[in-house]
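Participant: File name start-v8.pdb; file contents PDB, C-alpha atoms; full text below.
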```pdb
ATOM      1  CA  PHE A   6     -55.014 -22.440  47.796
ATOM      2  CA  PHE A   7     -57.890 -21.289  45.617
ATOM      3  CA  ARG A   8     -59.865 -20.229  48.674
ATOM      4  CA  PHE A   9     -57.284 -17.609  49.685
ATOM      5  CA  ALA A  10     -56.446 -16.301  46.222
ATOM      6  CA  PRO A  11     -59.299 -13.713  46.128
ATOM      7  CA  GLN A  12     -58.276 -12.364  49.536
ATOM      8  CA  LYS A  13     -54.663 -12.120  48.442
ATOM      9  CA  SER A  14     -55.753 -10.357  45.250
ATOM     10  CA  LYS A  15     -57.879  -7.953  47.269
ATOM     11  CA  ALA A  16     -54.967  -7.191  49.590
ATOM     12  CA  MET A  17     -52.719  -6.526  46.615
ATOM     13  CA  GLY A  18     -55.359  -4.191  45.174
ATOM     14  CA  ILE A  19     -55.544  -2.213  48.412
ATOM     15  CA  SER A  20     -51.753  -1.965  48.507
ATOM     16  CA  ALA A  21     -51.709  -0.660  44.944
ATOM     17  CA  TRP A  22     -54.288   2.009  45.782
ATOM     18  CA  CYS A  23     -52.296   3.021  48.865
ATOM     19  CA  PHE A  24     -49.182   3.342  46.717
ATOM     20  CA  VAL A  25     -50.994   5.570  44.194
ATOM     21  CA  LEU A  26     -52.442   7.689  47.004
ATOM     22  CA  CYS A  27     -48.978   8.175  48.498
ATOM     23  CA  LEU A  28     -47.658   9.314  45.121
ATOM     24  CA  LEU A  29     -50.492  11.830  44.762
ATOM     25  CA  LEU A  30     -49.931  13.193  48.267
ATOM     26  CA  ALA A  31     -46.198  13.481  47.623
ATOM     27  CA  ALA A  32     -46.823  15.378  44.385
ATOM     28  CA  ARG A  33     -49.247  17.696  46.157
ATOM     29  CA  SER A  34     -46.730  18.336  48.922
ATOM     30  CA  ALA A  35     -43.992  19.080  46.382
ATOM     31  CA  ASN A  36     -46.183  21.733  44.750
ATOM     32  CA  ALA A  37     -47.544  23.181  47.999
ATOM     33  CA  ASN A  38     -45.237  26.187  48.009
ATOM     34  CA  GLU A  39     -45.488  27.046  44.322
ATOM     35  CA  TRP A  40     -47.468  29.864  42.741
ATOM     36  CA  GLU A  41     -51.124  29.699  41.790
ATOM     37  CA  TRP A  42     -50.947  32.225  38.941
ATOM     38  CA  ALA A  43     -48.381  33.520  36.449
ATOM     39  CA  GLY A  44     -48.714  36.403  33.999
ATOM     40  CA  ALA A  45     -46.283  37.494  31.261
ATOM     41  CA  PHE A  46     -46.134  41.269  30.719
ATOM     42  CA  ASN A  47     -44.405  43.721  28.386
ATOM     43  CA  LEU A  48     -43.305  46.517  30.733
ATOM     44  CA  ASP A  49     -41.420  49.772  30.291
ATOM     45  CA  THR A  50     -38.510  49.659  32.741
ATOM     46  CA  ALA A  51     -38.218  53.462  32.536
ATOM     47  CA  GLU A  52     -41.486  53.937  34.398
ATOM     48  CA  SER A  53     -42.907  52.551  37.614
ATOM     49  CA  TYR A  54     -46.052  50.508  38.182
ATOM     50  CA  THR A  55     -48.410  49.811  41.059
ATOM     51  CA  TRP A  56     -49.438  46.365  42.246
ATOM     52  CA  ALA A  57     -52.775  46.632  44.021
ATOM     53  CA  ALA A  58     -55.020  44.528  46.226
ATOM     54  CA  TYR A  59     -58.534  45.614  47.177
ATOM     55  CA  LYS A  60     -61.048  44.506  49.743
ATOM     56  CA  LYS A  61     -64.228  42.776  48.645
ATOM     57  CA  ASN A  62     -67.147  42.521  51.035
ATOM     58  CA  GLY A  63     -65.081  44.275  53.679
ATOM     59  CA  LYS A  64     -62.031  42.014  53.603
ATOM     60  CA  TYR A  65     -59.099  40.891  51.491
ATOM     61  CA  ALA A  66     -59.195  37.442  49.916
ATOM     62  CA  ASP A  67     -56.138  36.720  52.089
ATOM     63  CA  GLY A  68     -54.079  38.833  54.457
ATOM     64  CA  LYS A  69     -50.834  38.322  52.545
ATOM     65  CA  MET A  70     -49.497  36.974  49.274
ATOM     66  CA  LYS A  71     -46.144  35.858  47.888
ATOM     67  CA  LEU A  72     -45.053  37.538  44.661
ATOM     68  CA  LEU A  73     -42.041  37.062  42.394
ATOM     69  CA  ILE A  74     -41.100  39.031  39.265
ATOM     70  CA  TRP A  75     -38.783  37.294  36.799
ATOM     71  CA  PRO A  76     -37.326  38.603  33.500
ATOM     72  CA  THR A  77     -38.091  36.517  30.429
ATOM     73  CA  SER A  78     -37.641  36.570  26.655
ATOM     74  CA  ASN A  79     -41.187  37.533  25.629
ATOM     75  CA  ALA A  80     -44.651  38.060  27.092
ATOM     76  CA  THR A  81     -46.132  34.779  25.874
ATOM     77  CA  GLY A  82     -46.884  31.352  27.257
ATOM     78  CA  ALA A  83     -43.452  30.279  26.025
ATOM     79  CA  GLY A  84     -41.965  33.141  28.028
ATOM     80  CA  ILE A  85     -43.628  31.784  31.163
ATOM     81  CA  HIS A  86     -42.379  28.243  30.550
ATOM     82  CA  ALA A  87     -38.846  29.495  29.867
ATOM     83  CA  ILE A  88     -38.364  30.792  33.417
ATOM     84  CA  GLU A  89     -40.319  28.201  35.397
ATOM     85  CA  ALA A  90     -37.325  26.145  36.554
ATOM     86  CA  GLU A  91     -35.342  29.160  37.799
ATOM     87  CA  ALA A  92     -38.383  30.781  39.363
ATOM     88  CA  LYS A  93     -39.375  27.538  41.089
ATOM     89  CA  ALA A  94     -35.916  27.212  42.631
ATOM     90  CA  LYS A  95     -36.136  30.790  43.927
ATOM     91  CA  TRP A  96     -39.711  30.365  45.148
ATOM     92  CA  ASN A  97     -38.971  27.219  47.146
ATOM     93  CA  SER A  98     -35.542  28.121  48.528
ATOM     94  CA  ALA A  99     -35.596  31.833  49.318
ATOM     95  CA  SER A 100     -36.970  33.452  52.456
ATOM     96  CA  PRO A 101     -39.450  36.066  51.225
ATOM     97  CA  VAL A 102     -38.939  39.745  51.972
ATOM     98  CA  GLU A 103     -41.994  40.955  53.865
ATOM     99  CA  VAL A 104     -43.359  44.210  52.460
ATOM    100  CA  GLN A 105     -46.107  46.320  53.984
ATOM    101  CA  THR A 106     -47.777  49.314  52.375
ATOM    102  CA  THR A 107     -45.808  51.572  54.732
ATOM    103  CA  SER A 108     -42.431  49.879  54.153
ATOM    104  CA  GLY A 109     -41.342  52.240  51.387
ATOM    105  CA  ILE A 110     -39.877  49.252  49.509
ATOM    106  CA  SER A 111     -40.260  49.094  45.730
ATOM    107  CA  LEU A 112     -40.767  45.644  44.261
ATOM    108  CA  THR A 113     -38.099  44.648  41.751
ATOM    109  CA  SER A 114     -37.201  41.534  39.777
ATOM    110  CA  ASN A 115     -35.581  38.320  41.050
ATOM    111  CA  VAL A 116     -36.672  38.891  44.662
ATOM    112  CA  LEU A 117     -39.342  36.824  46.407
ATOM    113  CA  TYR A 118     -41.726  39.056  48.349
ATOM    114  CA  ASN A 119     -44.496  38.442  50.843
ATOM    115  CA  LEU A 120     -46.971  41.304  50.475
ATOM    116  CA  ILE A 121     -48.752  42.157  53.731
ATOM    117  CA  PHE A 122     -52.097  43.830  53.077
ATOM    118  CA  ASN A 123     -53.238  46.707  55.282
ATOM    119  CA  GLU A 124     -56.465  45.637  56.983
ATOM    120  CA  GLY A 125     -57.252  49.256  57.856
ATOM    121  CA  LEU A 126     -57.405  50.353  54.213
ATOM    122  CA  PHE A 127     -59.681  49.555  51.297
ATOM    123  CA  ALA A 128     -56.628  49.208  49.033
ATOM    124  CA  SER A 129     -53.061  48.047  49.603
ATOM    125  CA  LEU A 130     -50.689  49.484  46.990
ATOM    126  CA  PHE A 131     -47.106  48.441  46.238
ATOM    127  CA  ARG A 132     -44.741  50.288  43.895
ATOM    128  CA  VAL A 133     -42.962  48.220  41.232
ATOM    129  CA  ASP A 134     -39.635  49.556  39.921
ATOM    130  CA  LEU A 135     -37.817  47.486  37.293
ATOM    131  CA  SER A 136     -35.266  50.116  36.260
ATOM    132  CA  ASN A 137     -32.338  48.123  37.683
ATOM    133  CA  THR A 138     -33.153  44.949  35.758
ATOM    134  CA  GLN A 139     -30.110  43.699  33.861
ATOM    135  CA  GLY A 140     -30.152  42.384  30.311
ATOM    136  CA  GLY A 141     -32.285  45.090  28.725
ATOM    137  CA  THR A 142     -35.444  42.977  28.637
ATOM    138  CA  SER A 143     -38.934  44.471  28.661
ATOM    139  CA  ALA A 144     -40.715  41.159  29.218
ATOM    140  CA  PHE A 145     -41.410  39.933  32.735
ATOM    141  CA  VAL A 146     -43.333  37.108  34.341
ATOM    142  CA  ILE A 147     -45.114  37.926  37.585
ATOM    143  CA  LEU A 148     -45.863  34.876  39.728
ATOM    144  CA  THR A 149     -48.300  35.112  42.630
ATOM    145  CA  GLN A 150     -49.432  32.847  45.441
ATOM    146  CA  HIS A 151     -53.060  33.671  44.630
ATOM    147  CA  ASN A 152     -54.855  34.717  41.466
ATOM    148  CA  PRO A 153     -54.720  38.548  41.543
ATOM    149  CA  ALA A 154     -58.295  38.743  40.252
ATOM    150  CA  GLU A 155     -59.350  37.566  43.719
ATOM    151  CA  PHE A 156     -58.167  40.940  45.050
ATOM    152  CA  GLU A 157     -60.063  43.168  42.620
ATOM    153  CA  ALA A 158     -63.204  45.090  43.551
ATOM    154  CA  ASN A 159     -65.755  46.942  41.429
ATOM    155  CA  HIS A 160     -63.861  48.196  38.346
ATOM    156  CA  THR A 161     -60.385  48.136  39.870
ATOM    157  CA  HIS A 162     -57.374  46.318  38.449
ATOM    158  CA  TYR A 163     -54.472  44.601  40.178
ATOM    159  CA  PHE A 164     -51.700  46.186  38.061
ATOM    160  CA  ILE A 165     -51.575  49.830  36.931
ATOM    161  CA  ASP A 166     -48.968  51.957  35.164
ATOM    162  CA  ASP A 167     -47.905  55.516  36.041
ATOM    163  CA  HIS A 168     -50.727  56.954  33.937
ATOM    164  CA  GLY A 169     -53.462  54.963  35.655
ATOM    165  CA  HIS A 170     -53.853  52.556  32.734
ATOM    166  CA  HIS A 171     -54.359  48.868  33.332
ATOM    167  CA  ALA A 172     -51.230  46.806  32.676
ATOM    168  CA  ASN A 173     -52.457  43.564  31.148
ATOM    169  CA  PRO A 174     -50.580  40.295  30.593
ATOM    170  CA  GLY A 175     -49.883  38.909  27.141
ATOM    171  CA  ALA A 176     -50.363  35.402  28.525
ATOM    172  CA  THR A 177     -51.319  33.811  31.828
ATOM    173  CA  GLU A 178     -51.290  30.436  33.511
ATOM    174  CA  PRO A 179     -53.893  29.297  34.102
ATOM    175  CA  ALA A 180     -55.119  30.834  30.848
ATOM    176  CA  ASP A 181     -57.461  33.770  31.459
ATOM    177  CA  ASP A 182     -57.965  36.625  29.012
ATOM    178  CA  HIS A 183     -60.556  38.363  31.202
ATOM    179  CA  HIS A 184     -58.427  41.514  31.415
ATOM    180  CA  ASN A 185     -56.495  41.318  28.172
ATOM    181  CA  HIS A 186     -58.941  43.520  26.271
ATOM    182  CA  ASP A 187     -59.656  45.947  29.096
ATOM    183  CA  HIS A 188     -57.821  49.221  28.442
ATOM    184  CA  ALA A 189     -59.700  51.331  30.968
ATOM    185  CA  SER A 190     -58.012  53.754  33.314
ATOM    186  CA  GLN A 191     -58.542  54.138  37.010
ATOM    187  CA  ASN A 192     -57.639  56.833  39.483
ATOM    188  CA  ILE A 193     -55.965  55.194  42.454
ATOM    189  CA  ALA A 194     -54.413  58.323  43.929
ATOM    190  CA  ASN A 195     -56.831  58.481  46.853
ATOM    191  CA  LYS A 196     -57.467  54.777  47.376
ATOM    192  CA  PRO A 197     -54.928  54.282  50.213
ATOM    193  CA  THR A 198     -56.798  56.795  52.382
ATOM    194  CA  LEU A 199     -60.145  55.040  52.081
ATOM    195  CA  ASN A 200     -61.317  53.294  55.211
ATOM    196  CA  ASP A 201     -63.570  50.280  55.537
ATOM    197  CA  HIS A 202     -66.728  52.404  55.238
ATOM    198  CA  ASP A 203     -65.764  53.337  51.681
ATOM    199  CA  ASP A 204     -65.815  49.749  50.504
ATOM    200  CA  HIS A 205     -69.012  49.737  48.461
ATOM    201  CA  ASP A 206     -68.919  45.975  47.966
ATOM    202  CA  ASP A 207     -70.389  45.471  51.449
TER     203      ASP A 207
END
```
Transcribe the structure of this file into structure tokens.
Facilitator:
Amino acid sequence: FFRFAPQKSKAMGISAWCFVLCLLLAARSANANEWEWAGAFNLDTAESYTWAAYKKNGKYADGKMKLLIWPTSNATGAGIHAIEAEAKAKWNSASPVEVQTTSGISLTSNVLYNLIFNEGLFASLFRVDLSNTQGGTSAFVILTQHNPAEFEANHTHYFIDDHGHHANPGATEPADDHHNHDHASQNIANKPTLNDHDDHDD
């Protein structure tokens, strides 16, 4: 009896580790389709914005990216947490609307999009129009499949208002205040016409 006890204990230990590993894999699978980044913004619904992705070293960080805009109560971490359950249900259940730079589709709230970046251009730009948002809120959470900073190049910014000013989040998850104090402007009017040879990050 005593001779086999250590082997039995070892077998039980292996089983326990297998059980823990299965739980970790299940948790990872459950989160596989969720966003990587969330930012809470105060936005003027009377004006439009531009969501932008730029090439770095001659290519985009990825060829496409899911994006969801969701109204919230305020542009804080609490505002992000307040909409997570609803946004998660939308993110995991809805079929995303594919949008290319030539689609002529404006991004609005409560719709899951799959942005397709134009490989022939240095920048892929998407218009954001929140004028039809109900409830009169000016706070929105933007959730993205990838961190938008991965798609910035040189001194560009991923979100710009009608005046060329950077639109910065009041809070992000994961926390990152890299852009929160950057109030610079950028001229993006000609960016869509730039070809690969104009990408100075090469």
Participant: Can you tell me how far CA of Gln105 (chain A) sits from CA of Ala92 (chain A), in Å to one decimal?
Facilitator: 22.7 Å
Participant: Within 9 Å of region 172-178 of chain A, counting only C-alpha atoms, which residues show up once you throw out same-chain ones fewer than 3 positions away? Write them as a VMD selection string, please.
Facilitator: chain A and resid 41 to 48 54 79 to 85 146 162 to 166 169 181 to 182 184 to 188
Participant: For the selection just defined, write its residues with C-alpha atoms to a file, as a compact mmCIF listing (two decimals), in the coordinates of the input.
Facilitator:
```
# COMPACT_ATOMS: atom_id res chain seq x y z
CA GLU A 41 -51.12 29.70 41.79
CA TRP A 42 -50.95 32.22 38.94
CA ALA A 43 -48.38 33.52 36.45
CA GLY A 44 -48.71 36.40 34.00
CA ALA A 45 -46.28 37.49 31.26
CA PHE A 46 -46.13 41.27 30.72
CA ASN A 47 -44.40 43.72 28.39
CA LEU A 48 -43.30 46.52 30.73
CA TYR A 54 -46.05 50.51 38.18
CA ASN A 79 -41.19 37.53 25.63
CA ALA A 80 -44.65 38.06 27.09
CA THR A 81 -46.13 34.78 25.87
CA GLY A 82 -46.88 31.35 27.26
CA ALA A 83 -43.45 30.28 26.02
CA GLY A 84 -41.96 33.14 28.03
CA ILE A 85 -43.63 31.78 31.16
CA VAL A 146 -43.33 37.11 34.34
CA HIS A 162 -57.37 46.32 38.45
CA TYR A 163 -54.47 44.60 40.18
CA PHE A 164 -51.70 46.19 38.06
CA ILE A 165 -51.58 49.83 36.93
CA ASP A 166 -48.97 51.96 35.16
CA GLY A 169 -53.46 54.96 35.66
CA ASP A 181 -57.46 33.77 31.46
CA ASP A 182 -57.96 36.62 29.01
CA HIS A 184 -58.43 41.51 31.42
CA ASN A 185 -56.50 41.32 28.17
CA HIS A 186 -58.94 43.52 26.27
CA ASP A 187 -59.66 45.95 29.10
CA HIS A 188 -57.82 49.22 28.44
```
Participant: Expanded to explicit residues, what is the PyMOL selection byres ((chain A and resi 156) around 12) for this file, as a ChimeraX atom specification?
Facilitator: /A:56-70,122,127-130,149-155,157-164
Participant: Let me see the file: selected residues, C-alpha atoms, as a compact mmCIF listing (two decimals), keeping the file's coordinate frame.
Facilitator:
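Heads up, here's the output in out.txt:
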```
# COMPACT_ATOMS: atom_id res chain seq x y z
CA TRP A 56 -49.44 46.36 42.25
CA ALA A 57 -52.78 46.63 44.02
CA ALA A 58 -55.02 44.53 46.23
CA TYR A 59 -58.53 45.61 47.18
CA LYS A 60 -61.05 44.51 49.74
CA LYS A 61 -64.23 42.78 48.64
CA ASN A 62 -67.15 42.52 51.04
CA GLY A 63 -65.08 44.28 53.68
CA LYS A 64 -62.03 42.01 53.60
CA TYR A 65 -59.10 40.89 51.49
CA ALA A 66 -59.20 37.44 49.92
CA ASP A 67 -56.14 36.72 52.09
CA GLY A 68 -54.08 38.83 54.46
CA LYS A 69 -50.83 38.32 52.54
CA MET A 70 -49.50 36.97 49.27
CA PHE A 122 -52.10 43.83 53.08
CA PHE A 127 -59.68 49.56 51.30
CA ALA A 128 -56.63 49.21 49.03
CA SER A 129 -53.06 48.05 49.60
CA LEU A 130 -50.69 49.48 46.99
CA THR A 149 -48.30 35.11 42.63
CA GLN A 150 -49.43 32.85 45.44
CA HIS A 151 -53.06 33.67 44.63
CA ASN A 152 -54.86 34.72 41.47
CA PRO A 153 -54.72 38.55 41.54
CA ALA A 154 -58.30 38.74 40.25
CA GLU A 155 -59.35 37.57 43.72
CA GLU A 157 -60.06 43.17 42.62
CA ALA A 158 -63.20 45.09 43.55
CA ASN A 159 -65.76 46.94 41.43
CA HIS A 160 -63.86 48.20 38.35
CA THR A 161 -60.38 48.14 39.87
CA HIS A 162 -57.37 46.32 38.45
CA TYR A 163 -54.47 44.60 40.18
CA PHE A 164 -51.70 46.19 38.06
```
Participant: Counting all atoms listed in the file, which residues come within 6 Å of (-41.1, 45.9, 39.3), with the point read in the file's coordinates, and could you list them as an MDAnalysis selection string?
Facilitator: chainID A and resid 112:114 133:135
Participant: What's the separation between CA of Ser136 (chain A) and CA of Ala51 (chain A), in Å to one decimal place?
Facilitator: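 Distance reported for this atom pair: 5.8 Å.
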Participant: Which residue out of A:Ile121, A:Val116, A:Ile88, A:Leu126 has the minimum interatomic distance to Ile74 (chain A) when only C-alpha atoms are used?
Facilitator: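 Answer, going by the shortest atom-to-atom distance: A:Val116.
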Participant: Can you list, as a PyMOL selection string, every protein, DNA or RNA residue that comes within 10 Å of Thr142 (chain A) when you count all atoms listed in the file, leaving out same-chain residues fewer than 2 positions away?
Facilitator: chain A and resi 47-50+76-79+138-140+144-145
Participant: Those residues with C-alpha atoms, as a JSON list (two decimals), in the coordinates of the input please?
Facilitator:
```json
[["chain", "number", "residue", "atom", "x", "y", "z"],
["A", 47, "ASN", "CA", -44.40, 43.72, 28.39],
["A", 48, "LEU", "CA", -43.30, 46.52, 30.73],
["A", 49, "ASP", "CA", -41.42, 49.77, 30.29],
["A", 50, "THR", "CA", -38.51, 49.66, 32.74],
["A", 76, "PRO", "CA", -37.33, 38.60, 33.50],
["A", 77, "THR", "CA", -38.09, 36.52, 30.43],
["A", 78, "SER", "CA", -37.64, 36.57, 26.66],
["A", 79, "ASN", "CA", -41.19, 37.53, 25.63],
["A", 138, "THR", "CA", -33.15, 44.95, 35.76],
["A", 139, "GLN", "CA", -30.11, 43.70, 33.86],
["A", 140, "GLY", "CA", -30.15, 42.38, 30.31],
["A", 144, "ALA", "CA", -40.72, 41.16, 29.22],
["A", 145, "PHE", "CA", -41.41, 39.93, 32.74]]
```
Participant: Going by the chain IDs and residue numbers used in this file, which residues fall under the PyMOL selection byres ((chain A and resi 93-99) around 8)? Write them as number ranges by chain.
Facilitator: A: 38-39, 73, 89-92, 100-101, 117
Participant: So what do you get for CA of His171 (chain A) versus CA of Ser53 (chain A), distance-wise?
Facilitator: 12.8 Å
Participant: Counting all atoms listed in the file, figure out which residue out of A:Gly141, A:Asp167, A:Leu72, A:Ala180 gets nearest to Asn119 (chain A).
Facilitator: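 Nearest to Asn119 (chain A): A:Leu72.
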Participant: Can you give me N, CA and C atoms for region 117-143 of chain A, written as a CSV table (one decimal), in the frame of the given file?
Facilitator:
```csv
chain,number,residue,atom,x,y,z
A,117,LEU,N,-38.1,37.4,45.9
A,117,LEU,CA,-39.3,36.8,46.4
A,117,LEU,C,-39.9,37.7,47.5
A,118,TYR,N,-41.1,38.2,47.4
A,118,TYR,CA,-41.7,39.1,48.3
A,118,TYR,C,-42.9,38.4,49.0
A,119,ASN,N,-43.2,38.8,50.2
A,119,ASN,CA,-44.5,38.4,50.8
A,119,ASN,C,-45.2,39.7,51.1
A,120,LEU,N,-46.2,40.1,50.3
A,120,LEU,CA,-47.0,41.3,50.5
A,120,LEU,C,-47.9,41.2,51.6
A,121,ILE,N,-47.9,42.1,52.6
A,121,ILE,CA,-48.8,42.2,53.7
A,121,ILE,C,-49.8,43.2,53.5
A,122,PHE,N,-51.0,42.9,53.4
A,122,PHE,CA,-52.1,43.8,53.1
A,122,PHE,C,-52.6,44.6,54.3
A,123,ASN,N,-52.8,45.9,54.2
A,123,ASN,CA,-53.2,46.7,55.3
A,123,ASN,C,-54.7,46.6,55.6
A,124,GLU,N,-55.1,45.9,56.7
A,124,GLU,CA,-56.5,45.6,57.0
A,124,GLU,C,-57.3,46.9,57.3
A,125,GLY,N,-56.6,48.0,57.6
A,125,GLY,CA,-57.3,49.3,57.9
A,125,GLY,C,-57.6,50.1,56.6
A,126,LEU,N,-57.2,49.6,55.4
A,126,LEU,CA,-57.4,50.4,54.2
A,126,LEU,C,-58.2,49.5,53.2
A,127,PHE,N,-58.9,50.2,52.4
A,127,PHE,CA,-59.7,49.6,51.3
A,127,PHE,C,-58.7,49.0,50.3
A,128,ALA,N,-57.6,49.6,50.0
A,128,ALA,CA,-56.6,49.2,49.0
A,128,ALA,C,-55.2,49.2,49.6
A,129,SER,N,-54.5,48.1,49.3
A,129,SER,CA,-53.1,48.0,49.6
A,129,SER,C,-52.3,48.2,48.3
A,130,LEU,N,-51.4,49.2,48.2
A,130,LEU,CA,-50.7,49.5,47.0
A,130,LEU,C,-49.2,49.3,47.2
A,131,PHE,N,-48.5,48.7,46.2
A,131,PHE,CA,-47.1,48.4,46.2
A,131,PHE,C,-46.5,48.9,44.9
A,132,ARG,N,-45.4,49.7,45.1
A,132,ARG,CA,-44.7,50.3,43.9
A,132,ARG,C,-43.8,49.2,43.3
A,133,VAL,N,-43.8,49.1,42.0
A,133,VAL,CA,-43.0,48.2,41.2
A,133,VAL,C,-42.0,49.0,40.4
A,134,ASP,N,-40.7,48.8,40.6
A,134,ASP,CA,-39.6,49.6,39.9
A,134,ASP,C,-38.7,48.5,39.3
A,135,LEU,N,-38.7,48.5,38.0
A,135,LEU,CA,-37.8,47.5,37.3
A,135,LEU,C,-36.6,48.1,36.6
A,136,SER,N,-36.3,49.4,37.0
A,136,SER,CA,-35.3,50.1,36.3
A,136,SER,C,-33.9,49.5,36.4
A,137,ASN,N,-33.7,48.7,37.5
A,137,ASN,CA,-32.3,48.1,37.7
A,137,ASN,C,-32.2,46.7,37.1
A,138,THR,N,-33.2,46.3,36.4
A,138,THR,CA,-33.2,44.9,35.8
A,138,THR,C,-32.0,44.9,34.7
A,139,GLN,N,-31.2,43.9,34.8
A,139,GLN,CA,-30.1,43.7,33.9
A,139,GLN,C,-30.6,42.9,32.6
A,140,GLY,N,-29.9,43.1,31.5
A,140,GLY,CA,-30.2,42.4,30.3
A,140,GLY,C,-31.0,43.1,29.3
A,141,GLY,N,-31.5,44.3,29.7
A,141,GLY,CA,-32.3,45.1,28.7
A,141,GLY,C,-33.6,44.5,28.3
A,142,THR,N,-34.2,43.6,29.0
A,142,THR,CA,-35.4,43.0,28.6
A,142,THR,C,-36.6,43.9,29.0
A,143,SER,N,-37.7,43.8,28.3
A,143,SER,CA,-38.9,44.5,28.7
A,143,SER,C,-40.1,43.5,29.0
```
